[in-house]
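Read the structure below first, then the notes.
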Amino acid sequence: MQAAWVLCKHNRPFTESEVFKECMVTVLEELAPDKSMDRIIAAVKQIPLSTSTAARRVHVLAEHVQQVVIDGIKEAKYISLAIDESTDNTDISQLCVFVRFFDGKDFREELLALRPLEDNTTADIIFGKLEDFFKSHGLSFDKINLIVTDGAPAMIGKNKGLVSRIKTVAPKTNALHCIIHQSVLCAKLSGELKEVMERTMKIINHIRGTSSTQHRLFRKFVLESEASHDDLLLHNDVRWLSKGKALERFVELSAQVVEFLKQSKAKAAADHLRTMQDSEYMSNVAFLTDIFSHLNALNVQLQGKEKSVVDLVEKLDAFGNKLDLFNADLLSGRLLHFSTLKKVGQSHVTDRMKKFITQLKDNFSSRFDDFLIPRDVIGFVRDPFSINPSGEFSTNSVKMMPLDEAAIQSELAEIQAAGDLKAALRGAENLGVFWLSCPEEYGTLKTLAMYVLTMFGSTYTCEAAFSKMNNIKTHERNRLSHQSLEDSLRISLTAAKPDVKKLVSEGKCNFSH
């Protein structure tokens with residue numbers, strides 16, 4: 001049982017269980033050549049570690065972990081969900097659902113479910129999968145205080161999106177559509193900017209994908225020119241903003257690309273060369289490079305575990321303000337925030353660029369359409385010492401959840417006079433640590449803060465899970481069942497520890513082969 005857990009934690013296939021046993025026997029034989037460990041070696045050889053046995057043990061362990069999570073959810077007052085969808089290595093769309101809740105001691109983020117979407121990925125199908133899971137495990141949608149999605153149409157449609165469907169059974173649920181996936185951003189590209197992106201990717205693919213010989217010659221040419229990089233980057237439509245990295249590298253190696261295309265006799269190379277010698281085209285490439293760079297920086301800020309919704313809202317609000325700066329920067333022609341475009345020249349700033357910034361600002365604003373938590377409540381969780389006790393904060397708080405408004409005002413006045421707590425906030429590792437350590441005399445404020453801190457800060461957990469998923473379901477393991485994939489992923493991601501002794505005592509790991 002422990003061996004199956006260790007292998008699964010490292011994303012290893014079930015077939016390696018026998019190898020695991022062979023390694024144990026070999027090590028024991030080397031440690032005791034005098035035959036003193038023969039009884040132990042014989043016992044190890046008798047341990048059933050076949051592929052099918054390993055798969056069944058992993059399922060038992062995964063069920064155990066899932067039940068621990070389900071029990072924690074049932075005990076929790078509130079939960080939040082992070083929901084995303086991506087394709088695995090066999091092109092099957094997978095719905096990933098993570099849950100965040102307070103277990104009485106700490107905030108936990110765990111995989112709730114991984115479900116295949118073998119047909120259309122519509123909101124009805126996604127909701128049906130989620131509803132079936134909740135019903136089968138006796139869970140209530142009413143506990144959900146926030147759903148964080150990637151902003152795809154199936155998630156956010158005003159009338160038929162997943163969020164709308166959930167709101168029909170849990171009207172008080174908030175929603176945030178937080179991460180700018182590449183597909184969302186590229187959907188905003190139109191006309192000339194869309195064509196620029198497509199032409200750039202064609203040039204990159206021409207050099208890297210036409211033939212291995214051409215790619216090798218290009219790398220040799222770049223190395224001989226002592227450029228800052230040795231190759232162009234291919235993009236990946238699934239991963240966050242990979243085109244941004246590809247664009248950045250393309251611009252940095254543009255001189256080498258031009259010279260290489262000049263030496264090529266292919267007709268396509270001549271066409272690509274004319275494209276790159278077009279100054280307006282290169283200015284648009286530079287603009288897109290700068291924009292993707294800013295968005296990529298935002299995504300990096302939102303990555304990582306233990307990011308609360310407070311972090312998310314603050315970062316998205318800040319980026320919305322930055323977009324106003326970017327627009328003013330383009331209008332002024334100073335290009336303080338467009339270093340790549342500045343190298344090309346301000347004469348190439350176009351109305352299309354300004355329009356795109358405006359569209360992007362609208363896109364960010366729309367991500368808060370279903371998020372009804374007032375900004376002063378978000379600000380309170382970050383810094384309760386800066387909120388006016390007699391202002392609108394207490395009124396906004398009781399509209400959000402059933403609390404005693406008088407207690408909110410009174411406790412806020414008291415906590416703001418507590419110098420030791422001010423020092424504790426400054427020294428706390430994160431907001432969760434501060435509020436968990438806050439004395440119970442501020443119970444009403446603590447309840448409010450814990451409600452907000454239960455909310456997910458991003459869909460990063462889903463994104464990280466998809467990376468693990470593809471490490472588990474490789475091309476070599478493309479026949480892995482949906483159940484085994486979910487089991488393996490659950491164990492790989494969980495922070496929980498299995499109660500192996502209990503499982504053994506219940507006879508749940510006794511398989512004959």
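In the structure tokens, the first chain shown is A, the next is B, and so on; residue numbers restart at 1 for each chain, and ligands run from 1 in the order shown.
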* **Polymer residues at most 12 Å from Leu325 of chain A, only C-alpha atoms, same-chain spacing of 3 or more positions, as a list in words** => Ala318, Phe319, Gly320, Asn321, Lys322, Ala328, Asp329, Leu330, Leu331, Ser332, Arg334, Leu335, Leu336, His337, Phe338, Lys354, Ile357, Thr358 and Lys361 of chain A
* If we count only C-alpha atoms, what is near segment 104-114 of chain A at a cut-off of 9 Å, once residues fewer than 5 positions away on the same chain are taken out, given as a ChimeraX atom specification? -> /A:66,69-70,72,75-76,81,94-99,130,133,305-306,432-433,436,453-454,456,461-462,465,482-483,485-486,489-490,493-496
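Atom CA of Lys74 of chain A lies 9.7 Å from atom CA of Asp103 of chain A.
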* Compile the contact shell of Gln263 of chain A as a ChimeraX atom specification: residues with an atom at most 12 Å away, counting only C-alpha atoms, same-chain residues fewer than 4 positions apart removed. => /A:214,217-218,221,256-259,267,269-270,273
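With only C-alpha atoms as the atoms that count, the minimum distance from Glu248 of chain A to the choices A:Asp499, A:Asp271, A:Asp290, A:Asp84 is reached by A:Asp290.
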* To do: Find the spatial neighbours of Ala62 of chain A, counting only C-alpha atoms, within a cut-off of 8 Å - ignore same-chain residues fewer than 6 positions away - and output them as JSON, numbers by chain.
  => {"A": [487, 488, 490, 491]}
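From atom CA of Val310 of chain A back to atom CA of Pro374 of chain A, the distance works out to 11.3 Å.
DSSP secondary structure from the backbone places Ala123, Asp124, Ile125, Ile126, Phe127, Gly128, Lys129, Leu130, Glu131, Asp132, Phe133, Phe134, Lys135, Ser136, Pro153, Ala154, Met155, Ile156, Leu162, Val163, Ser164, Arg165, Ile166 and Lys167 of chain A of segment 79-167 of chain A in alpha helix (DSSP H).
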* **Shell around segment 18-21 of chain A at 12 Å using only C-alpha atoms, local window under 3 positions removed, as a list in words** => Gln2, Ala3, Ala4, Val6, Leu7, Arg12, Pro13, Phe14, Thr15, Met24, Val25, Thr26, Val27, Leu28, Ile41, Ala42, Ala43, Val44, Lys45, Gln46, Ile47, Pro48, Leu49, Ser50, Thr51, Ser52, Thr53 and Ala54 of chain A
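Omitting Asp311 of chain A and its sequence neighbours fewer than 5 positions away, and counting only C-alpha atoms, the residues within 12 Å are Cys178, Leu298, Gln301, Leu302, Gln303, Gly304, Lys305, Glu306, Leu316, Asp317, Ala318, Ile378, Gly379, Val381, Arg382, Asn430, Leu431, Gly432, Val452, Leu453, Met455, Phe456, Gly457 and Ser458 of chain A.
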* Structure fact -> In Å and to one decimal, atom CA of Leu421 of chain A is distant from atom CA of Leu146 of chain A by 28.4 Å
* To do: Find the residues near Ile291 of chain A: any atom within 12 Å, counting only C-alpha atoms, skip ones fewer than 2 places away on the same chain, and give them as a ChimeraX atom specification.
  => /A:185-186,189,193,241,243-245,247-248,284-289,293-298,319,322-323,326-327,337-341,353-354,356-357,360
* With only C-alpha atoms as the basis for distance, which of A:Gly161, A:His137, A:Ile204, A:Ile472 is at the shortest distance from Gln67 of chain A? -> A:His137
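For the set A:Val344, A:Asp420, A:Gly391, A:Leu253, the residue with the smallest atom-to-atom gap to Leu223 of chain A is A:Leu253, counting only C-alpha atoms.
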